[in-house]
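Below: upload_27.cif (mmCIF, N, CA and C atoms)
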```cif
data_coords
loop_
_atom_site.group_PDB
_atom_site.id
_atom_site.type_symbol
_atom_site.label_atom_id
_atom_site.label_comp_id
_atom_site.auth_asym_id
_atom_site.auth_seq_id
_atom_site.Cartn_x
_atom_site.Cartn_y
_atom_site.Cartn_z
ATOM 1 N N MET A 151 105.223 122.218 102.113
ATOM 2 C CA MET A 151 105.877 121.310 101.196
ATOM 3 C C MET A 151 105.001 121.181 99.971
ATOM 4 N N THR A 152 105.611 120.877 98.847
ATOM 5 C CA THR A 152 104.898 120.736 97.586
ATOM 6 C C THR A 152 105.026 119.304 97.094
ATOM 7 N N VAL A 153 103.878 118.694 96.767
ATOM 8 C CA VAL A 153 103.853 117.357 96.177
ATOM 9 C C VAL A 153 103.007 117.422 94.916
ATOM 10 N N THR A 154 103.157 116.420 94.081
ATOM 11 C CA THR A 154 102.329 116.321 92.885
ATOM 12 C C THR A 154 101.354 115.180 93.089
ATOM 13 N N VAL A 155 100.065 115.476 92.951
ATOM 14 C CA VAL A 155 99.018 114.471 93.144
ATOM 15 C C VAL A 155 98.241 114.348 91.841
ATOM 16 N N ASN A 156 98.346 113.181 91.224
ATOM 17 C CA ASN A 156 97.676 112.931 89.945
ATOM 18 C C ASN A 156 97.973 114.038 88.934
ATOM 19 N N GLY A 157 99.238 114.465 88.908
ATOM 20 C CA GLY A 157 99.673 115.454 87.937
ATOM 21 C C GLY A 157 99.438 116.896 88.343
ATOM 22 N N GLU A 158 98.828 117.132 89.502
ATOM 23 C CA GLU A 158 98.516 118.479 89.975
ATOM 24 C C GLU A 158 99.442 118.842 91.137
ATOM 25 N N THR A 159 100.050 120.005 91.085
ATOM 26 C CA THR A 159 100.902 120.465 92.170
ATOM 27 C C THR A 159 100.030 120.905 93.337
ATOM 28 N N VAL A 160 100.360 120.376 94.524
ATOM 29 C CA VAL A 160 99.576 120.657 95.723
ATOM 30 C C VAL A 160 100.530 121.074 96.839
ATOM 31 N N ASP A 161 100.178 122.157 97.536
ATOM 32 C CA ASP A 161 100.950 122.590 98.704
ATOM 33 C C ASP A 161 100.292 122.023 99.954
ATOM 34 N N LEU A 162 101.090 121.359 100.794
ATOM 35 C CA LEU A 162 100.599 120.743 102.018
ATOM 36 C C LEU A 162 101.443 121.191 103.194
ATOM 37 N N ALA A 163 100.818 121.249 104.362
ATOM 38 C CA ALA A 163 101.553 121.570 105.590
ATOM 39 C C ALA A 163 102.015 120.262 106.218
ATOM 40 N N PRO A 164 103.318 120.056 106.339
ATOM 41 C CA PRO A 164 103.815 118.814 106.921
ATOM 42 C C PRO A 164 103.526 118.769 108.429
ATOM 43 N N PRO A 165 103.510 117.613 109.037
ATOM 44 C CA PRO A 165 103.683 116.301 108.408
ATOM 45 C C PRO A 165 102.369 115.792 107.815
ATOM 46 N N VAL A 166 102.464 115.090 106.700
ATOM 47 C CA VAL A 166 101.309 114.497 106.030
ATOM 48 C C VAL A 166 101.661 113.060 105.666
ATOM 49 N N THR A 167 100.739 112.160 105.946
ATOM 50 C CA THR A 167 100.920 110.761 105.560
ATOM 51 C C THR A 167 100.088 110.470 104.319
ATOM 52 N N VAL A 168 100.354 109.343 103.703
ATOM 53 C CA VAL A 168 99.541 108.914 102.566
ATOM 54 C C VAL A 168 98.075 108.820 102.993
ATOM 55 N N ALA A 169 97.810 108.259 104.166
ATOM 56 C CA ALA A 169 96.430 108.110 104.653
ATOM 57 C C ALA A 169 95.720 109.453 104.753
ATOM 58 N N ALA A 170 96.402 110.459 105.293
ATOM 59 C CA ALA A 170 95.795 111.785 105.441
ATOM 60 C C ALA A 170 95.496 112.406 104.082
ATOM 61 N N LEU A 171 96.410 112.252 103.137
ATOM 62 C CA LEU A 171 96.186 112.801 101.801
ATOM 63 C C LEU A 171 95.010 112.112 101.118
ATOM 64 N N VAL A 172 94.969 110.797 101.183
ATOM 65 C CA VAL A 172 93.884 110.055 100.544
ATOM 66 C C VAL A 172 92.537 110.445 101.155
ATOM 67 N N ALA A 173 92.497 110.650 102.457
ATOM 68 C CA ALA A 173 91.246 111.023 103.135
ATOM 69 C C ALA A 173 90.695 112.352 102.631
ATOM 70 N N THR A 174 91.584 113.241 102.165
ATOM 71 C CA THR A 174 91.121 114.536 101.657
ATOM 72 C C THR A 174 90.658 114.451 100.203
ATOM 73 N N ARG A 175 90.973 113.355 99.521
ATOM 74 C CA ARG A 175 90.702 113.242 98.086
ATOM 75 C C ARG A 175 89.588 112.279 97.714
ATOM 76 N N THR A 176 89.308 111.282 98.569
ATOM 77 C CA THR A 176 88.355 110.239 98.205
ATOM 78 C C THR A 176 87.825 109.569 99.463
ATOM 79 N N ASP A 177 86.827 108.727 99.305
ATOM 80 C CA ASP A 177 86.260 108.023 100.461
ATOM 81 C C ASP A 177 87.072 106.788 100.847
ATOM 82 N N GLN A 178 88.188 106.534 100.186
ATOM 83 C CA GLN A 178 89.155 105.487 100.482
ATOM 84 C C GLN A 178 88.699 104.073 100.123
ATOM 85 N N ARG A 179 87.572 103.915 99.489
ATOM 86 C CA ARG A 179 87.143 102.584 99.067
ATOM 87 C C ARG A 179 87.619 102.329 97.646
ATOM 88 N N ARG A 180 88.109 101.145 97.394
ATOM 89 C CA ARG A 180 88.593 100.731 96.073
ATOM 90 C C ARG A 180 89.636 101.704 95.529
ATOM 91 N N VAL A 181 90.618 102.018 96.375
ATOM 92 C CA VAL A 181 91.651 102.986 96.012
ATOM 93 C C VAL A 181 93.025 102.319 96.097
ATOM 94 N N ALA A 182 93.884 102.663 95.165
ATOM 95 C CA ALA A 182 95.285 102.253 95.209
ATOM 96 C C ALA A 182 96.133 103.517 95.159
ATOM 97 N N VAL A 183 97.286 103.471 95.818
ATOM 98 C CA VAL A 183 98.160 104.644 95.878
ATOM 99 C C VAL A 183 99.585 104.239 95.496
ATOM 100 N N ALA A 184 100.196 105.074 94.656
ATOM 101 C CA ALA A 184 101.619 104.915 94.338
ATOM 102 C C ALA A 184 102.322 106.208 94.742
ATOM 103 N N ARG A 185 103.481 106.055 95.369
ATOM 104 C CA ARG A 185 104.306 107.203 95.762
ATOM 105 C C ARG A 185 105.643 107.055 95.064
ATOM 106 N N ASN A 186 105.978 108.015 94.233
ATOM 107 C CA ASN A 186 107.228 107.993 93.471
ATOM 108 C C ASN A 186 107.380 106.695 92.680
ATOM 109 N N GLY A 187 106.263 106.252 92.092
ATOM 110 C CA GLY A 187 106.286 105.081 91.221
ATOM 111 C C GLY A 187 106.196 103.743 91.929
ATOM 112 N N GLU A 188 106.122 103.737 93.258
ATOM 113 C CA GLU A 188 106.045 102.497 94.027
ATOM 114 C C GLU A 188 104.682 102.403 94.703
ATOM 115 N N VAL A 189 104.015 101.262 94.563
ATOM 116 C CA VAL A 189 102.728 101.057 95.219
ATOM 117 C C VAL A 189 102.928 101.051 96.731
ATOM 118 N N VAL A 190 102.038 101.766 97.423
ATOM 119 C CA VAL A 190 102.068 101.785 98.885
ATOM 120 C C VAL A 190 100.921 100.894 99.361
ATOM 121 N N PRO A 191 101.229 99.778 100.018
ATOM 122 C CA PRO A 191 100.160 98.903 100.521
ATOM 123 C C PRO A 191 99.257 99.656 101.492
ATOM 124 N N ARG A 192 97.978 99.392 101.440
ATOM 125 C CA ARG A 192 97.008 100.066 102.312
ATOM 126 C C ARG A 192 97.434 99.968 103.784
ATOM 127 N N SER A 193 98.001 98.849 104.171
ATOM 128 C CA SER A 193 98.410 98.655 105.567
ATOM 129 C C SER A 193 99.526 99.612 105.983
ATOM 130 N N GLU A 194 100.172 100.260 105.016
ATOM 131 C CA GLU A 194 101.276 101.181 105.311
ATOM 132 C C GLU A 194 100.919 102.655 105.102
ATOM 133 N N TRP A 195 99.702 102.935 104.683
ATOM 134 C CA TRP A 195 99.318 104.320 104.409
ATOM 135 C C TRP A 195 99.544 105.231 105.607
ATOM 136 N N ALA A 196 99.108 104.805 106.792
ATOM 137 C CA ALA A 196 99.190 105.662 107.979
ATOM 138 C C ALA A 196 100.627 105.895 108.429
ATOM 139 N N SER A 197 101.524 104.999 108.068
ATOM 140 C CA SER A 197 102.912 105.131 108.513
ATOM 141 C C SER A 197 103.859 105.606 107.407
ATOM 142 N N THR A 198 103.296 105.962 106.246
ATOM 143 C CA THR A 198 104.122 106.425 105.132
ATOM 144 C C THR A 198 104.018 107.945 105.008
ATOM 145 N N PRO A 199 105.061 108.658 105.419
ATOM 146 C CA PRO A 199 105.026 110.119 105.326
ATOM 147 C C PRO A 199 105.319 110.583 103.903
ATOM 148 N N LEU A 200 104.761 111.719 103.561
ATOM 149 C CA LEU A 200 105.070 112.350 102.284
ATOM 150 C C LEU A 200 106.176 113.369 102.503
ATOM 151 N N SER A 201 107.001 113.553 101.489
ATOM 152 C CA SER A 201 108.110 114.505 101.544
ATOM 153 C C SER A 201 107.987 115.501 100.403
ATOM 154 N N ASP A 202 108.615 116.640 100.577
ATOM 155 C CA ASP A 202 108.623 117.662 99.540
ATOM 156 C C ASP A 202 109.116 117.052 98.228
ATOM 157 N N GLY A 203 108.371 117.282 97.157
ATOM 158 C CA GLY A 203 108.761 116.789 95.844
ATOM 159 C C GLY A 203 108.212 115.419 95.478
ATOM 160 N N ASP A 204 107.533 114.740 96.419
ATOM 161 C CA ASP A 204 106.963 113.426 96.105
ATOM 162 C C ASP A 204 105.932 113.529 94.992
ATOM 163 N N GLU A 205 105.828 112.458 94.230
ATOM 164 C CA GLU A 205 104.791 112.336 93.210
ATOM 165 C C GLU A 205 103.869 111.207 93.623
ATOM 166 N N VAL A 206 102.586 111.529 93.782
ATOM 167 C CA VAL A 206 101.598 110.570 94.272
ATOM 168 C C VAL A 206 100.518 110.383 93.220
ATOM 169 N N GLU A 207 100.174 109.131 92.996
ATOM 170 C CA GLU A 207 99.044 108.799 92.124
ATOM 171 C C GLU A 207 98.004 108.103 92.981
ATOM 172 N N ILE A 208 96.782 108.629 92.981
ATOM 173 C CA ILE A 208 95.661 108.010 93.682
ATOM 174 C C ILE A 208 94.728 107.486 92.612
ATOM 175 N N LEU A 209 94.586 106.187 92.588
ATOM 176 C CA LEU A 209 93.785 105.532 91.551
ATOM 177 C C LEU A 209 92.541 104.916 92.169
ATOM 178 N N VAL A 210 91.387 105.191 91.583
ATOM 179 C CA VAL A 210 90.126 104.663 92.069
ATOM 180 C C VAL A 210 89.611 103.645 91.051
ATOM 181 N N ALA A 211 89.311 102.445 91.547
ATOM 182 C CA ALA A 211 88.765 101.398 90.679
ATOM 183 C C ALA A 211 87.305 101.743 90.360
ATOM 184 N N VAL A 212 86.952 101.595 89.081
ATOM 185 C CA VAL A 212 85.597 101.883 88.631
ATOM 186 C C VAL A 212 85.053 100.636 87.940
ATOM 187 N N ALA A 213 83.888 100.215 88.387
ATOM 188 C CA ALA A 213 83.257 99.051 87.779
ATOM 189 C C ALA A 213 82.302 99.523 86.681
ATOM 190 N N GLY A 214 82.098 98.686 85.720
ATOM 191 C CA GLY A 214 81.167 99.052 84.655
ATOM 192 C C GLY A 214 81.393 98.161 83.449
ATOM 193 N N GLY A 215 80.594 98.380 82.481
ATOM 194 C CA GLY A 215 80.740 97.515 81.343
ATOM 195 C C GLY A 215 80.472 98.186 80.045
#
```
Rewrite the coordinates I just gave you, this time as structure tokens.
Amino acid sequence: MTVTVNGETVDLAPPVTVAALVATRTDQRRVAVARNGEVVPRSEWASTPLSDGDEVEILVAVAGG
């Protein structure tokens, strides 16, 4: 299946959840995820499957001044 992650086309072998995708991209601390324009609460990452054509944004909070 093909999904778009932060503007990049990525091929994944299904089934894949939001949690599994995030684990491959970041250490999961201070991260927010949107799937098809909707925020996915962290408590739902493991139960939210990705589908062919989904658009995912993984946002990492950065502190600084």
DSSP-assigned helix (DSSP H, G or I) members of chain A, reported as JSON, numbers by chain: {"A": [168, 169, 170, 171, 172, 173, 174, 175, 192, 193, 194, 195, 196, 197]}
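Taken over the whole file, the PyMOL selection byres ((chain A and resi 194-200) around 5) covers exactly Val166, Thr167, Val168, Ala169, Pro191, Arg192, Ser193, Ser201 and Asp202 of chain A.
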What residues have an atom no more than 8 Å from (92.2, 105.2, 98.1) in the file's own frame, counting only N, CA and C atoms, and can you write them as a ChimeraX atom specification? /A:172-173,175-183,208-211
Create the file for the chosen residues now, containing N, CA and C atoms and written as a compact mmCIF listing (two decimals), in the frame of the given file.
```txt
# COMPACT_ATOMS: atom_id res chain seq x y z
N VAL A 172 94.97 110.80 101.18
CA VAL A 172 93.88 110.06 100.54
C VAL A 172 92.54 110.44 101.16
N ALA A 173 92.50 110.65 102.46
CA ALA A 173 91.25 111.02 103.14
C ALA A 173 90.70 112.35 102.63
N ARG A 175 90.97 113.36 99.52
CA ARG A 175 90.70 113.24 98.09
C ARG A 175 89.59 112.28 97.71
N THR A 176 89.31 111.28 98.57
CA THR A 176 88.36 110.24 98.20
C THR A 176 87.82 109.57 99.46
N ASP A 177 86.83 108.73 99.30
CA ASP A 177 86.26 108.02 100.46
C ASP A 177 87.07 106.79 100.85
N GLN A 178 88.19 106.53 100.19
CA GLN A 178 89.16 105.49 100.48
C GLN A 178 88.70 104.07 100.12
N ARG A 179 87.57 103.92 99.49
CA ARG A 179 87.14 102.58 99.07
C ARG A 179 87.62 102.33 97.65
N ARG A 180 88.11 101.14 97.39
CA ARG A 180 88.59 100.73 96.07
C ARG A 180 89.64 101.70 95.53
N VAL A 181 90.62 102.02 96.38
CA VAL A 181 91.65 102.99 96.01
C VAL A 181 93.02 102.32 96.10
N ALA A 182 93.88 102.66 95.16
CA ALA A 182 95.28 102.25 95.21
C ALA A 182 96.13 103.52 95.16
N VAL A 183 97.29 103.47 95.82
CA VAL A 183 98.16 104.64 95.88
C VAL A 183 99.58 104.24 95.50
N ILE A 208 96.78 108.63 92.98
CA ILE A 208 95.66 108.01 93.68
C ILE A 208 94.73 107.49 92.61
N LEU A 209 94.59 106.19 92.59
CA LEU A 209 93.78 105.53 91.55
C LEU A 209 92.54 104.92 92.17
N VAL A 210 91.39 105.19 91.58
CA VAL A 210 90.13 104.66 92.07
C VAL A 210 89.61 103.64 91.05
N ALA A 211 89.31 102.44 91.55
CA ALA A 211 88.76 101.40 90.68
C ALA A 211 87.30 101.74 90.36
```
Take the PyMOL selection byres ((chain A and resi 151) around 8), run it mentally on this structure, and tell me the resulting residues as an mmCIF file with N, CA and C atoms, in the coordinates of the input.
```
data_model
loop_
_atom_site.group_PDB
_atom_site.id
_atom_site.type_symbol
_atom_site.label_atom_id
_atom_site.label_comp_id
_atom_site.auth_asym_id
_atom_site.auth_seq_id
_atom_site.Cartn_x
_atom_site.Cartn_y
_atom_site.Cartn_z
ATOM 1 N N THR A 152 105.611 120.877 98.847
ATOM 2 C CA THR A 152 104.898 120.736 97.586
ATOM 3 C C THR A 152 105.026 119.304 97.094
ATOM 4 N N VAL A 153 103.878 118.694 96.767
ATOM 5 C CA VAL A 153 103.853 117.357 96.177
ATOM 6 C C VAL A 153 103.007 117.422 94.916
ATOM 7 N N THR A 154 103.157 116.420 94.081
ATOM 8 C CA THR A 154 102.329 116.321 92.885
ATOM 9 C C THR A 154 101.354 115.180 93.089
ATOM 10 N N VAL A 160 100.360 120.376 94.524
ATOM 11 C CA VAL A 160 99.576 120.657 95.723
ATOM 12 C C VAL A 160 100.530 121.074 96.839
ATOM 13 N N ASP A 161 100.178 122.157 97.536
ATOM 14 C CA ASP A 161 100.950 122.590 98.704
ATOM 15 C C ASP A 161 100.292 122.023 99.954
ATOM 16 N N LEU A 162 101.090 121.359 100.794
ATOM 17 C CA LEU A 162 100.599 120.743 102.018
ATOM 18 C C LEU A 162 101.443 121.191 103.194
ATOM 19 N N ALA A 163 100.818 121.249 104.362
ATOM 20 C CA ALA A 163 101.553 121.570 105.590
ATOM 21 C C ALA A 163 102.015 120.262 106.218
ATOM 22 N N PRO A 164 103.318 120.056 106.339
ATOM 23 C CA PRO A 164 103.815 118.814 106.921
ATOM 24 C C PRO A 164 103.526 118.769 108.429
ATOM 25 N N SER A 201 107.001 113.553 101.489
ATOM 26 C CA SER A 201 108.110 114.505 101.544
ATOM 27 C C SER A 201 107.987 115.501 100.403
ATOM 28 N N ASP A 202 108.615 116.640 100.577
ATOM 29 C CA ASP A 202 108.623 117.662 99.540
ATOM 30 C C ASP A 202 109.116 117.052 98.228
ATOM 31 N N GLY A 203 108.371 117.282 97.157
ATOM 32 C CA GLY A 203 108.761 116.789 95.844
ATOM 33 C C GLY A 203 108.212 115.419 95.478
ATOM 34 N N ASP A 204 107.533 114.740 96.419
ATOM 35 C CA ASP A 204 106.963 113.426 96.105
ATOM 36 C C ASP A 204 105.932 113.529 94.992
#
```
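Among A:Leu171, A:Ala184, A:Val190, A:Val206, the residue with the shortest atom-to-atom distance to Asn156 in chain A, counting all atoms listed in the file, is A:Val206.
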Quick one: pick out all strand (DSSP E or B) residues within range 156-210 of chain A from a backbone DSSP run and write them as a PyMOL selection string. chain A and resi 158-161+167+181-185+188-189+199+205-210
So how many Å separate atom C of Val212 in chain A and CA of Glu158 in chain A, to one decimal? 22.4 Å
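Reported to one decimal place, the separation of atom N of Ala213 in chain A from CA of Glu188 in chain A is 23.0 Å.
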Would you mind completing range 162-188 of chain A so that it carries N, CA, C and O atoms, and writing it out as a PDB file, in the frame of the given file?
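Final output, saved to part-v1.pdb:
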```
ATOM      1  N   LEU A 162     101.090 121.359 100.794  1.00  0.00           N
ATOM      2  CA  LEU A 162     100.599 120.743 102.018  1.00  0.00           C
ATOM      3  C   LEU A 162     101.443 121.191 103.194  1.00  0.00           C
ATOM      4  O   LEU A 162     102.632 121.451 103.050  1.00  0.00           O
ATOM      5  N   ALA A 163     100.818 121.249 104.362  1.00  0.00           N
ATOM      6  CA  ALA A 163     101.553 121.570 105.590  1.00  0.00           C
ATOM      7  C   ALA A 163     102.015 120.262 106.218  1.00  0.00           C
ATOM      8  O   ALA A 163     101.194 119.418 106.560  1.00  0.00           O
ATOM      9  N   PRO A 164     103.318 120.056 106.339  1.00  0.00           N
ATOM     10  CA  PRO A 164     103.815 118.814 106.921  1.00  0.00           C
ATOM     11  C   PRO A 164     103.526 118.769 108.429  1.00  0.00           C
ATOM     12  O   PRO A 164     103.338 119.817 109.033  1.00  0.00           O
ATOM     13  N   PRO A 165     103.510 117.613 109.037  1.00  0.00           N
ATOM     14  CA  PRO A 165     103.683 116.301 108.408  1.00  0.00           C
ATOM     15  C   PRO A 165     102.369 115.792 107.815  1.00  0.00           C
ATOM     16  O   PRO A 165     101.299 116.057 108.352  1.00  0.00           O
ATOM     17  N   VAL A 166     102.464 115.090 106.700  1.00  0.00           N
ATOM     18  CA  VAL A 166     101.309 114.497 106.030  1.00  0.00           C
ATOM     19  C   VAL A 166     101.661 113.060 105.666  1.00  0.00           C
ATOM     20  O   VAL A 166     102.728 112.795 105.128  1.00  0.00           O
ATOM     21  N   THR A 167     100.739 112.160 105.946  1.00  0.00           N
ATOM     22  CA  THR A 167     100.920 110.761 105.560  1.00  0.00           C
ATOM     23  C   THR A 167     100.088 110.470 104.319  1.00  0.00           C
ATOM     24  O   THR A 167      99.201 111.262 103.955  1.00  0.00           O
ATOM     25  N   VAL A 168     100.354 109.343 103.703  1.00  0.00           N
ATOM     26  CA  VAL A 168      99.541 108.914 102.566  1.00  0.00           C
ATOM     27  C   VAL A 168      98.075 108.820 102.993  1.00  0.00           C
ATOM     28  O   VAL A 168      97.180 109.275 102.284  1.00  0.00           O
ATOM     29  N   ALA A 169      97.810 108.259 104.166  1.00  0.00           N
ATOM     30  CA  ALA A 169      96.430 108.110 104.653  1.00  0.00           C
ATOM     31  C   ALA A 169      95.720 109.453 104.753  1.00  0.00           C
ATOM     32  O   ALA A 169      94.562 109.590 104.346  1.00  0.00           O
ATOM     33  N   ALA A 170      96.402 110.459 105.293  1.00  0.00           N
ATOM     34  CA  ALA A 170      95.795 111.785 105.441  1.00  0.00           C
ATOM     35  C   ALA A 170      95.496 112.406 104.082  1.00  0.00           C
ATOM     36  O   ALA A 170      94.441 113.012 103.887  1.00  0.00           O
ATOM     37  N   LEU A 171      96.410 112.252 103.137  1.00  0.00           N
ATOM     38  CA  LEU A 171      96.186 112.801 101.801  1.00  0.00           C
ATOM     39  C   LEU A 171      95.010 112.112 101.118  1.00  0.00           C
ATOM     40  O   LEU A 171      94.126 112.780 100.572  1.00  0.00           O
ATOM     41  N   VAL A 172      94.969 110.797 101.183  1.00  0.00           N
ATOM     42  CA  VAL A 172      93.884 110.055 100.544  1.00  0.00           C
ATOM     43  C   VAL A 172      92.537 110.445 101.155  1.00  0.00           C
ATOM     44  O   VAL A 172      91.548 110.599 100.437  1.00  0.00           O
ATOM     45  N   ALA A 173      92.497 110.650 102.457  1.00  0.00           N
ATOM     46  CA  ALA A 173      91.246 111.023 103.135  1.00  0.00           C
ATOM     47  C   ALA A 173      90.695 112.352 102.631  1.00  0.00           C
ATOM     48  O   ALA A 173      89.483 112.562 102.636  1.00  0.00           O
ATOM     49  N   THR A 174      91.584 113.241 102.165  1.00  0.00           N
ATOM     50  CA  THR A 174      91.121 114.536 101.657  1.00  0.00           C
ATOM     51  C   THR A 174      90.658 114.451 100.203  1.00  0.00           C
ATOM     52  O   THR A 174      90.016 115.367  99.708  1.00  0.00           O
ATOM     53  N   ARG A 175      90.973 113.355  99.521  1.00  0.00           N
ATOM     54  CA  ARG A 175      90.702 113.242  98.086  1.00  0.00           C
ATOM     55  C   ARG A 175      89.588 112.279  97.714  1.00  0.00           C
ATOM     56  O   ARG A 175      89.016 112.385  96.633  1.00  0.00           O
ATOM     57  N   THR A 176      89.308 111.282  98.569  1.00  0.00           N
ATOM     58  CA  THR A 176      88.355 110.239  98.205  1.00  0.00           C
ATOM     59  C   THR A 176      87.825 109.569  99.463  1.00  0.00           C
ATOM     60  O   THR A 176      88.339 109.802 100.556  1.00  0.00           O
ATOM     61  N   ASP A 177      86.827 108.727  99.305  1.00  0.00           N
ATOM     62  CA  ASP A 177      86.260 108.023 100.461  1.00  0.00           C
ATOM     63  C   ASP A 177      87.072 106.788 100.847  1.00  0.00           C
ATOM     64  O   ASP A 177      86.704 106.045 101.742  1.00  0.00           O
ATOM     65  N   GLN A 178      88.188 106.534 100.186  1.00  0.00           N
ATOM     66  CA  GLN A 178      89.155 105.487 100.482  1.00  0.00           C
ATOM     67  C   GLN A 178      88.699 104.073 100.123  1.00  0.00           C
ATOM     68  O   GLN A 178      89.385 103.115 100.424  1.00  0.00           O
ATOM     69  N   ARG A 179      87.572 103.915  99.489  1.00  0.00           N
ATOM     70  CA  ARG A 179      87.143 102.584  99.067  1.00  0.00           C
ATOM     71  C   ARG A 179      87.619 102.329  97.646  1.00  0.00           C
ATOM     72  O   ARG A 179      87.564 103.205  96.796  1.00  0.00           O
ATOM     73  N   ARG A 180      88.109 101.145  97.394  1.00  0.00           N
ATOM     74  CA  ARG A 180      88.593 100.731  96.073  1.00  0.00           C
ATOM     75  C   ARG A 180      89.636 101.704  95.529  1.00  0.00           C
ATOM     76  O   ARG A 180      89.548 102.166  94.399  1.00  0.00           O
ATOM     77  N   VAL A 181      90.618 102.018  96.375  1.00  0.00           N
ATOM     78  CA  VAL A 181      91.651 102.986  96.012  1.00  0.00           C
ATOM     79  C   VAL A 181      93.025 102.319  96.097  1.00  0.00           C
ATOM     80  O   VAL A 181      93.280 101.522  96.995  1.00  0.00           O
ATOM     81  N   ALA A 182      93.884 102.663  95.165  1.00  0.00           N
ATOM     82  CA  ALA A 182      95.285 102.253  95.209  1.00  0.00           C
ATOM     83  C   ALA A 182      96.133 103.517  95.159  1.00  0.00           C
ATOM     84  O   ALA A 182      95.744 104.515  94.546  1.00  0.00           O
ATOM     85  N   VAL A 183      97.286 103.471  95.818  1.00  0.00           N
ATOM     86  CA  VAL A 183      98.160 104.644  95.878  1.00  0.00           C
ATOM     87  C   VAL A 183      99.585 104.239  95.496  1.00  0.00           C
ATOM     88  O   VAL A 183     100.099 103.221  95.957  1.00  0.00           O
ATOM     89  N   ALA A 184     100.196 105.074  94.656  1.00  0.00           N
ATOM     90  CA  ALA A 184     101.619 104.915  94.338  1.00  0.00           C
ATOM     91  C   ALA A 184     102.322 106.208  94.742  1.00  0.00           C
ATOM     92  O   ALA A 184     101.810 107.303  94.512  1.00  0.00           O
ATOM     93  N   ARG A 185     103.481 106.055  95.369  1.00  0.00           N
ATOM     94  CA  ARG A 185     104.306 107.203  95.762  1.00  0.00           C
ATOM     95  C   ARG A 185     105.643 107.055  95.064  1.00  0.00           C
ATOM     96  O   ARG A 185     106.332 106.058  95.241  1.00  0.00           O
ATOM     97  N   ASN A 186     105.978 108.015  94.233  1.00  0.00           N
ATOM     98  CA  ASN A 186     107.228 107.993  93.471  1.00  0.00           C
ATOM     99  C   ASN A 186     107.380 106.695  92.680  1.00  0.00           C
ATOM    100  O   ASN A 186     108.452 106.110  92.608  1.00  0.00           O
ATOM    101  N   GLY A 187     106.263 106.252  92.092  1.00  0.00           N
ATOM    102  CA  GLY A 187     106.286 105.081  91.221  1.00  0.00           C
ATOM    103  C   GLY A 187     106.196 103.743  91.929  1.00  0.00           C
ATOM    104  O   GLY A 187     106.180 102.704  91.273  1.00  0.00           O
ATOM    105  N   GLU A 188     106.122 103.737  93.258  1.00  0.00           N
ATOM    106  CA  GLU A 188     106.045 102.497  94.027  1.00  0.00           C
ATOM    107  C   GLU A 188     104.682 102.403  94.703  1.00  0.00           C
ATOM    108  O   GLU A 188     104.254 103.343  95.385  1.00  0.00           O
TER     109      GLU A 188
END
```
